[in-house]
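Shown below: query.txt, with compact mmCIF, C-alpha atoms.
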```
# COMPACT_ATOMS: atom_id res chain seq x y z
CA MET A 134 -42.66 64.17 35.79
CA GLU A 135 -43.13 62.98 32.19
CA LYS A 136 -40.14 64.33 30.26
CA ASP A 137 -42.10 64.30 26.98
CA ASN A 138 -44.95 66.38 28.43
CA LEU A 139 -42.87 69.21 29.84
CA LYS A 140 -43.96 72.70 28.80
CA LEU A 141 -41.22 74.86 27.28
CA THR A 142 -39.74 77.35 29.73
CA SER A 143 -39.23 81.05 29.04
CA SER A 144 -35.53 80.38 28.35
CA GLU A 145 -36.36 77.62 25.88
CA ILE A 146 -38.91 79.79 24.06
CA GLY A 147 -36.36 82.62 24.02
CA THR A 148 -33.68 80.47 22.41
CA LEU A 149 -36.09 79.24 19.72
CA TRP A 150 -37.17 82.81 19.03
CA GLY A 151 -33.57 84.02 18.76
CA GLU A 152 -32.48 81.08 16.60
CA TYR A 153 -35.34 81.80 14.18
CA VAL A 154 -34.82 85.57 13.86
CA ASN A 155 -31.01 85.45 13.65
CA GLY A 156 -31.11 82.38 11.42
CA THR A 157 -33.49 83.93 8.90
CA ALA A 158 -31.33 87.08 8.74
CA ILE A 159 -28.13 85.16 7.95
CA ASP A 160 -30.00 82.78 5.64
CA THR A 161 -31.20 85.76 3.58
CA VAL A 162 -27.61 86.91 3.13
CA ASN A 163 -26.56 83.35 2.23
CA ARG A 164 -29.35 83.16 -0.37
CA TYR A 165 -28.02 86.30 -2.04
CA MET A 166 -24.39 85.20 -1.90
CA VAL A 167 -25.10 81.83 -3.50
CA THR A 168 -26.47 83.67 -6.56
CA ILE A 169 -23.29 85.70 -7.13
CA ILE A 170 -20.63 83.10 -6.25
CA GLU A 171 -18.76 81.80 -9.29
CA ASP A 172 -16.48 79.27 -7.58
CA GLU A 173 -18.36 75.95 -7.61
CA SER A 174 -16.68 74.61 -4.46
CA ILE A 175 -17.72 77.69 -2.46
CA LYS A 176 -21.22 77.65 -3.97
CA ALA A 177 -21.65 74.02 -2.88
CA ILE A 178 -21.01 74.91 0.78
CA PHE A 179 -23.54 77.74 0.62
CA GLU A 180 -26.12 75.42 -0.90
CA ASP A 181 -25.49 73.02 2.00
CA ALA A 182 -25.87 75.86 4.52
CA ILE A 183 -29.18 76.95 2.97
CA LYS A 184 -30.60 73.41 3.00
CA THR A 185 -29.42 72.89 6.57
CA PHE A 186 -31.14 76.02 7.85
CA GLU A 187 -34.32 75.20 5.95
CA LYS A 188 -34.48 71.93 7.91
CA GLN A 189 -33.78 73.71 11.21
CA LYS A 190 -36.35 76.40 10.43
CA ARG A 191 -39.11 73.81 9.91
CA GLN A 192 -38.23 72.19 13.23
CA ILE A 193 -38.34 75.54 15.08
CA VAL A 194 -41.73 76.36 13.56
CA THR A 195 -43.11 72.98 14.65
CA LEU A 196 -41.79 73.39 18.21
CA LEU A 197 -43.30 76.87 18.55
CA GLU A 198 -46.64 76.00 16.98
CA ASN A 199 -47.02 72.94 19.21
CA GLU A 200 -46.70 75.28 22.20
CA LYS A 201 -49.16 77.71 20.56
CA PHE A 202 -46.54 80.49 20.44
CA PRO A 203 -46.60 82.72 17.36
CA VAL A 204 -43.80 82.11 14.89
CA PRO A 205 -41.57 85.23 14.64
CA ILE A 206 -41.66 87.30 11.45
CA GLY A 207 -37.89 87.29 11.18
CA PHE A 208 -36.63 87.92 7.65
CA THR A 209 -38.31 86.75 4.46
CA GLU A 210 -38.08 86.96 0.68
CA SER A 211 -39.25 90.58 0.98
CA ASP A 212 -35.87 91.44 2.56
CA LEU A 213 -33.97 90.06 -0.44
CA ASN A 214 -33.75 92.07 -3.66
CA LYS A 215 -33.34 89.37 -6.27
CA GLY A 216 -31.10 90.10 -9.23
CA ALA A 217 -28.96 92.65 -7.36
CA LYS A 218 -25.45 93.08 -8.71
CA ARG A 219 -22.39 91.54 -7.10
CA LEU A 220 -21.45 93.33 -3.89
CA PHE A 221 -18.89 90.86 -2.49
CA SER A 222 -16.10 88.68 -3.86
CA ASP A 223 -16.31 84.88 -3.63
CA ILE A 224 -13.59 84.69 -0.98
CA PHE A 225 -15.32 87.27 1.22
CA CYS A 226 -18.53 85.22 1.01
CA LEU A 227 -16.61 82.16 2.23
CA ASN A 228 -15.07 84.13 5.10
CA TYR A 229 -18.52 85.47 5.96
CA LEU A 230 -19.96 81.97 6.16
CA HIS A 231 -17.05 80.87 8.35
CA ILE A 232 -17.52 83.72 10.85
CA MET A 233 -21.31 83.27 10.94
CA THR A 234 -20.79 79.55 11.54
CA LEU A 235 -18.69 80.42 14.59
CA HIS A 236 -21.53 82.62 15.87
CA GLY A 237 -23.95 79.78 15.22
CA LEU A 238 -21.87 77.31 17.20
CA LEU A 239 -21.89 79.65 20.20
CA GLY A 240 -25.64 80.17 19.86
CA HIS A 241 -26.41 76.44 19.62
CA SER A 242 -24.22 75.65 22.63
CA THR A 243 -25.91 78.35 24.72
CA SER A 244 -29.35 77.15 23.64
CA LEU A 245 -28.47 73.55 24.51
CA ALA A 246 -27.18 74.63 27.92
CA VAL A 247 -30.58 76.11 28.93
CA SER A 248 -32.73 73.37 27.40
CA VAL A 249 -34.32 70.67 29.57
CA ARG A 250 -36.93 69.00 27.37
CA GLU A 251 -35.52 66.03 25.50
CA ASP A 252 -36.73 66.92 22.00
CA LEU A 253 -35.24 70.40 22.34
CA ARG A 254 -31.92 69.01 23.57
CA PHE A 255 -31.80 66.64 20.61
CA PHE A 256 -32.67 69.50 18.26
CA TYR A 257 -29.83 71.73 19.47
CA ASP A 258 -27.48 68.76 19.53
CA SER A 259 -28.21 68.21 15.82
CA CYS A 260 -27.81 71.96 15.14
CA ASP A 261 -24.43 71.82 16.87
CA ASN A 262 -23.39 68.87 14.71
CA ASP A 263 -24.52 70.73 11.58
CA GLY A 264 -22.48 73.74 12.71
CA LYS A 265 -19.39 71.64 13.34
CA ARG A 266 -19.68 70.11 9.86
CA MET A 267 -19.95 73.58 8.33
CA TYR A 268 -17.01 74.78 10.45
CA HIS A 269 -14.77 72.01 9.11
CA GLN A 270 -15.94 72.60 5.53
CA THR A 271 -15.28 76.36 5.60
CA ILE A 272 -11.84 75.99 7.20
CA ASP A 273 -10.79 73.23 4.81
CA LEU A 274 -11.82 75.28 1.79
CA LEU A 275 -10.22 78.47 3.12
CA LEU A 276 -6.99 76.53 3.65
CA GLU A 277 -7.26 75.08 0.15
CA LYS A 278 -7.73 78.58 -1.28
CA GLY A 279 -4.81 79.91 0.78
CA SER A 280 -7.13 82.38 2.49
CA PHE A 281 -7.40 81.08 6.05
CA GLN A 282 -5.71 83.47 8.47
CA ARG A 283 -4.00 81.50 11.20
CA ASP A 284 -3.19 83.06 14.57
CA PRO A 285 0.41 83.97 15.51
CA LEU A 286 2.83 81.09 16.08
CA PHE A 287 4.83 80.67 19.32
CA TYR A 288 8.13 78.90 19.87
CA PRO A 289 8.05 76.35 22.71
CA ALA A 290 9.73 77.16 26.02
CA GLU A 291 12.06 74.62 27.59
CA ASN A 292 10.04 74.16 30.78
CA PRO A 293 6.75 75.28 32.43
CA GLU A 294 7.12 78.37 34.61
CA TYR A 295 5.25 80.22 37.37
CA VAL A 296 4.53 83.95 37.33
CA SER A 297 7.28 85.57 39.38
CA SER A 298 6.72 89.32 39.06
CA LYS A 299 3.94 91.88 39.45
CA ASP A 300 5.06 93.18 36.05
CA PHE A 301 3.00 90.31 34.60
CA THR A 302 -0.09 92.51 34.89
CA ASP A 303 1.62 95.74 33.84
CA GLY A 304 1.02 97.00 30.34
CA PHE A 305 1.45 100.71 31.00
CA PHE A 306 4.23 101.06 33.52
CA GLY A 307 7.42 99.20 34.32
CA LYS A 308 8.93 96.72 31.92
CA GLY A 309 5.67 94.76 31.49
CA ARG A 310 5.73 91.47 29.57
CA MET A 311 4.76 89.98 26.22
CA LEU A 312 1.25 88.83 25.44
CA ALA A 313 0.25 85.42 26.79
CA ALA A 314 -1.14 82.75 24.47
CA THR A 315 -4.36 82.74 26.52
CA GLU A 316 -4.80 86.47 25.80
CA ILE A 317 -4.13 86.18 22.07
CA ILE A 318 -7.10 83.80 21.69
CA SER A 319 -9.58 86.63 22.29
CA ILE A 320 -7.53 89.42 20.69
CA SER A 321 -7.16 87.55 17.41
CA PHE A 322 -10.79 86.41 17.34
CA ASN A 323 -12.12 89.88 18.16
CA LEU A 324 -9.92 91.39 15.45
CA LYS A 325 -11.31 89.04 12.82
CA LYS A 326 -14.89 89.77 13.85
CA SER A 327 -14.31 93.53 13.91
CA ILE A 328 -12.82 93.33 10.42
CA MET A 329 -15.95 91.47 9.26
CA ALA A 330 -18.24 94.06 10.91
CA LYS A 331 -16.31 96.94 9.34
CA THR A 332 -16.44 95.38 5.87
CA LEU A 333 -20.18 94.75 6.05
CA ALA A 334 -20.78 98.29 7.34
CA ILE A 335 -18.84 99.66 4.34
CA ALA A 336 -20.82 97.50 1.91
CA PHE A 337 -24.19 98.26 3.48
CA SER A 338 -23.56 102.03 3.69
CA GLN A 339 -22.65 101.93 0.00
CA VAL A 340 -26.02 100.53 -1.08
CA THR A 341 -28.58 101.95 1.34
CA GLN A 342 -30.82 104.77 0.08
CA ILE A 343 -31.86 106.03 3.53
CA LYS A 344 -29.71 108.85 4.87
CA GLU A 345 -30.27 107.96 8.55
CA VAL A 346 -29.25 104.35 7.93
CA ARG A 347 -26.16 105.38 5.99
CA LYS A 348 -25.11 107.73 8.77
CA PHE A 349 -25.44 104.94 11.35
CA LEU A 350 -23.52 102.48 9.18
CA GLU A 351 -20.71 104.98 8.70
CA TYR A 352 -20.62 105.39 12.48
CA ALA A 353 -20.49 101.60 12.89
CA GLU A 354 -17.61 101.47 10.41
CA LYS A 355 -15.76 104.13 12.41
CA ILE A 356 -16.25 102.27 15.71
CA ALA A 357 -15.12 98.96 14.20
CA ASN A 358 -12.08 100.65 12.69
CA GLU A 359 -11.09 102.18 16.04
CA GLN A 360 -11.36 98.80 17.71
CA ILE A 361 -9.26 97.21 14.97
CA LYS A 362 -6.59 99.87 15.49
CA ASP A 363 -6.60 99.42 19.28
CA PHE A 364 -6.19 95.64 19.19
CA SER A 365 -3.76 95.77 16.25
CA LYS A 366 -1.53 98.19 18.14
CA ILE A 367 -1.30 95.76 21.06
CA MET A 368 -0.36 92.90 18.74
CA GLN A 369 2.13 94.94 16.70
CA THR A 370 3.87 96.26 19.83
CA ASP A 371 4.74 92.63 20.60
CA ASN A 372 5.82 92.08 16.96
CA LEU A 373 2.88 89.78 16.25
CA PRO A 374 1.04 89.69 12.89
CA ILE A 375 -2.56 90.88 12.54
CA PRO A 376 -5.32 89.57 10.26
CA LYS A 377 -5.63 91.29 6.89
CA SER A 378 -8.58 93.54 6.08
CA TRP A 379 -11.33 92.63 3.61
CA GLU A 380 -12.42 96.07 2.37
CA THR A 381 -11.08 95.36 -1.12
CA GLU A 382 -13.41 92.34 -1.33
CA VAL A 383 -16.37 94.76 -1.62
CA THR A 384 -17.23 95.85 -5.18
CA THR A 385 -18.29 99.37 -6.21
CA SER A 386 -21.93 98.35 -6.70
CA THR A 387 -24.63 100.64 -5.31
CA ASP A 388 -27.39 98.13 -6.07
CA SER A 389 -28.72 96.94 -2.69
CA PRO A 390 -29.30 93.20 -2.33
CA PHE A 391 -31.08 93.62 1.01
CA SER A 392 -33.74 95.63 2.77
CA ASP A 393 -32.58 98.42 5.07
CA LYS A 394 -34.25 96.54 7.91
CA LEU A 395 -32.00 93.53 7.33
CA MET A 396 -28.81 95.57 6.94
CA MET A 397 -29.51 97.49 10.14
CA TYR A 398 -30.44 94.37 12.08
CA HIS A 399 -27.39 92.44 10.88
CA THR A 400 -25.03 95.26 11.85
CA GLY A 401 -26.56 95.58 15.30
CA PHE A 402 -26.47 91.80 15.76
CA LEU A 403 -22.72 91.69 15.07
CA PHE A 404 -21.94 94.41 17.62
CA GLN A 405 -24.29 92.92 20.22
CA ILE A 406 -22.92 89.38 19.93
CA SER A 407 -19.37 90.75 20.06
CA GLN A 408 -20.02 91.85 23.64
CA ALA A 409 -19.88 88.19 24.71
CA TYR A 410 -16.47 87.79 23.09
CA HIS A 411 -15.17 91.07 24.50
CA GLY A 412 -16.40 89.98 27.93
CA ALA A 413 -14.52 86.70 27.57
CA GLY A 414 -11.43 88.63 26.50
CA LEU A 415 -11.73 90.92 29.51
CA ALA A 416 -12.02 87.91 31.81
CA SER A 417 -8.83 86.38 30.41
CA ALA A 418 -6.84 89.65 30.28
CA MET A 419 -4.02 89.96 32.84
CA ARG A 420 -2.36 93.09 31.46
CA THR A 421 -3.67 96.52 32.38
CA ASP A 422 -3.57 97.86 28.81
CA LEU A 423 -5.69 94.91 27.65
CA VAL A 424 -8.23 95.44 30.43
CA SER A 425 -8.51 99.12 29.52
CA THR A 426 -8.94 98.33 25.80
CA TYR A 427 -11.70 95.80 26.45
CA GLU A 428 -13.53 98.18 28.79
CA SER A 429 -13.37 100.95 26.19
CA THR A 430 -14.56 98.60 23.45
CA ILE A 431 -17.53 97.36 25.48
CA LEU A 432 -18.56 100.96 26.24
CA GLN A 433 -18.30 101.91 22.54
CA ASN A 434 -20.51 98.99 21.60
CA LEU A 435 -23.10 99.96 24.20
CA MET A 436 -23.28 103.50 22.77
CA LEU A 437 -23.57 102.17 19.22
CA THR A 438 -26.30 99.72 20.25
CA LYS A 439 -28.32 102.56 21.76
CA LYS A 440 -28.25 104.45 18.44
CA TRP A 441 -29.13 101.23 16.63
CA PHE A 442 -32.09 100.55 18.93
CA ASN A 443 -33.56 104.02 18.42
CA ILE A 444 -33.41 103.75 14.61
CA MET A 445 -34.85 100.23 14.61
CA VAL A 446 -37.78 101.23 16.85
CA GLN A 447 -38.51 104.45 14.94
CA ASN A 448 -38.77 102.51 11.70
CA LYS A 449 -40.74 99.62 13.26
CA TRP A 450 -38.00 97.18 12.25
CA LEU A 451 -37.34 95.63 15.67
CA GLU A 452 -39.46 92.59 16.38
CA GLN A 453 -40.45 92.15 20.01
CA PRO A 454 -39.46 88.88 21.70
CA PRO A 455 -41.96 87.04 23.96
CA LEU A 456 -42.47 88.97 27.21
CA ALA A 457 -43.28 87.85 30.74
CA PRO A 458 -46.95 88.45 31.63
CA ASN A 459 -47.66 91.90 33.08
CA ARG A 460 -49.64 90.98 36.17
CA LYS A 461 -50.59 94.58 37.01
CA GLU A 462 -52.04 95.15 33.53
CA ILE A 463 -53.95 91.87 33.70
CA ALA A 464 -55.42 92.89 37.07
CA LYS A 465 -56.43 96.30 35.68
CA GLU A 466 -58.19 94.72 32.73
CA ASN A 467 -60.00 92.32 35.06
CA ASN A 468 -61.23 95.23 37.20
CA LYS A 469 -62.81 96.87 34.12
CA LYS A 470 -65.07 93.88 33.55
```
Output the structure of this file as structure tokens.
Amino acid sequence: MEKDNLKLTSSEIGTLWGEYVNGTAIDTVNRYMVTIIEDESIKAIFEDAIKTFEKQKRQIVTLLENEKFPVPIGFTESDLNKGAKRLFSDIFCLNYLHIMTLHGLLGHSTSLAVSVREDLRFFYDSCDNDGKRMYHQTIDLLLEKGSFQRDPLFYPAENPEYVSSKDFTDGFFGKGRMLAATEIISISFNLKKSIMAKTLAIAFSQVTQIKEVRKFLEYAEKIANEQIKDFSKIMQTDNLPIPKSWETEVTTSTDSPFSDKLMMYHTGFLFQISQAYHGAGLASAMRTDLVSTYESTILQNLMLTKKWFNIMVQNKWLEQPPLAPNRKEIAKENNKK
């Protein structure tokens, strides 16, 4: 089989479609942020991110058009209200780019893992390298600004040990035990992402002019806040520090930089993608209170996503991904001829 003549599979088309839609949404936010950022070092990273995605976007369009698949609508200049007042501080913008870069790295890795055709593998490999470069840049600058929030520090034990008690899994009854380093990975990461989601929900609800959208965003803020409290309580019980909130990095502006379609989509995207991280946290959890918290969080996100889906469909804001052919419908149409 000629590797250069392979047709793209459904999975490969799906990854290209998702990379385009999600990428154009985040790129629109980046294009707004670069206009309000005053710090030249932060602005330079955003300019790099915008140029990088522009290159990736052209490559995705070429790949889709060569397969005669329609290019998604995604998000365009019409979703960006140019000249809008400052809604975020410079340091929040940098934190936003860092978190979105982490999402991008996961997306590129997943896309690479399901790609077979050589040109597509090389494309996602280059996207991954771009993401790694951006990851290093954002962390280095956050460290330089004194704004990178490191995870809790542990003191080394004298020797490796084996689990010796059933209390290792007990978070509700018995004496229980302290959090394991393997569990803190997901708790800390999920906290940071929930803090980001809450902050964006606050900002978006502040500027939207549609009552239904504002009501949903306020609900999203409430859900994110409950999840922050739940995970923070677990950390604080073990006398471990939690990441700081970013609400004060949102200004009092009511001038919306984005379309309601973009703000709704972005909020839903954050809660949907968080399910993968919550699932990973659940898989690594070995304490009953952690398992219960992750299960509750996943259920909350499912309920929120259902509300989100209904609003997106009602307003014709949710673009449909490529679907498998409906053989029954094709047969019906053929019978009419």
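With CA of Ile328 in chain A on one side and CA of Met233 in chain A on the other, the separation reads 13.2 Å.
Nearest to Glu277 in chain A of all the residues A:Tyr352, A:Gln192, A:Thr315, A:Ile175 is A:Ile175, counting all atoms listed in the file.
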inquiry  = Let me make sure I understand: among A:Met329, A:Ile320, A:Ala413, A:Val446, which one has the smallest atom-to-atom distance to His399 in chain A if we use all atoms listed in the file?
reply    =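 Once distances to His399 in chain A are computed over all atoms listed in the file, the minimum belongs to A:Met329.
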request  = May I have the residues within 9 Å of range 262-275 of chain A as a count of residues only, using all atoms listed in the file and disregarding those fewer than 6 positions away in the same chain?
outcome  = 19
task = Could you please determine the separation between CA of Lys184 in chain A and CA of Ser222 in chain A in Å, to one decimal place?
result =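 We find that CA of Lys184 in chain A and CA of Ser222 in chain A lie 22.1 Å from each other.
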request  = May I have the residues within 9 Å of Val204 in chain A as number ranges by chain, using all atoms listed in the file and disregarding those fewer than 4 positions away in the same chain?
outcome  = A: 150, 153, 193-194, 197-198
key: Non-local contacts of Thr385 in chain A (10 Å; all atoms listed in the file; under 6 positions in same chain excluded) as a ChimeraX atom specification   = /A:218-221,336,339-340
message = Would you pick out the contacts of Phe391 in chain A at 9 Å or less, using only C-alpha atoms, so that residues sharing its chain but fewer than 4 positions from it are not included, and give the list as a PyMOL selection string?
response = chain A and resi 161-162+165+211-215+217+337+340-341+395-396
ask   = Can you list, as an NGL selection string, every protein, DNA or RNA residue that comes within 10 Å of Gln453 in chain A when you count all atoms listed in the file, leaving out same-chain residues fewer than 2 positions away?
value = :A and (150 or 205-206 or 446 or 450-451 or 455-456)
Draw an axis-aligned box tight on the listed atoms of range 393-402 of chain A, then pad every side by 8 Å and write out centre and edge lengths in Å to one decimal as AutoDock Vina command-line options.
```
--center_x -29.6 --center_y 95.1 --center_z 10.4 --size_x 25.2 --size_y 22.6 --size_z 26.7
```
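Distance cut-off 12 Å, centre (-34.6, 103.3, 18.5), atoms counted only C-alpha atoms; the residues meeting this are Glu345, Val346, Phe349, Met397, Tyr398, Gly401, Leu437, Thr438, Lys439, Lys440, Trp441, Phe442, Asn443, Ile444, Met445, Val446, Gln447, Asn448, Lys449, Trp450, Leu451 and Glu452 of chain A.
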task = Enter the distance from CA of Asp371 in chain A to CA of Met311 in chain A, in Å, rounded to one decimal.
result =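 Result for CA of Asp371 in chain A versus CA of Met311 in chain A: 6.2 Å, one decimal.
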key: For Asp284 in chain A, the nearest of the candidates A:Pro454, A:Pro376, A:Gly156, A:Gly147, counting all atoms listed in the file   =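 The shortest atom-to-atom distance to Asp284 in chain A comes from A:Pro376.
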message = Nearest residue to Arg254 in chain A out of A:Tyr229, A:Gly279, A:Thr148, A:Lys355, using all atoms listed in the file?
response = A:Thr148
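Distance check against Phe255 in chain A using only C-alpha atoms: of A:Pro285, A:Gly151, A:Ser242, A:Lys394, the minimum falls on A:Ser242.
Minimum distance to Thr209 in chain A across A:Ile183, A:Val154, A:Cys260, A:Leu373 (counting only C-alpha atoms) occurs at A:Val154.
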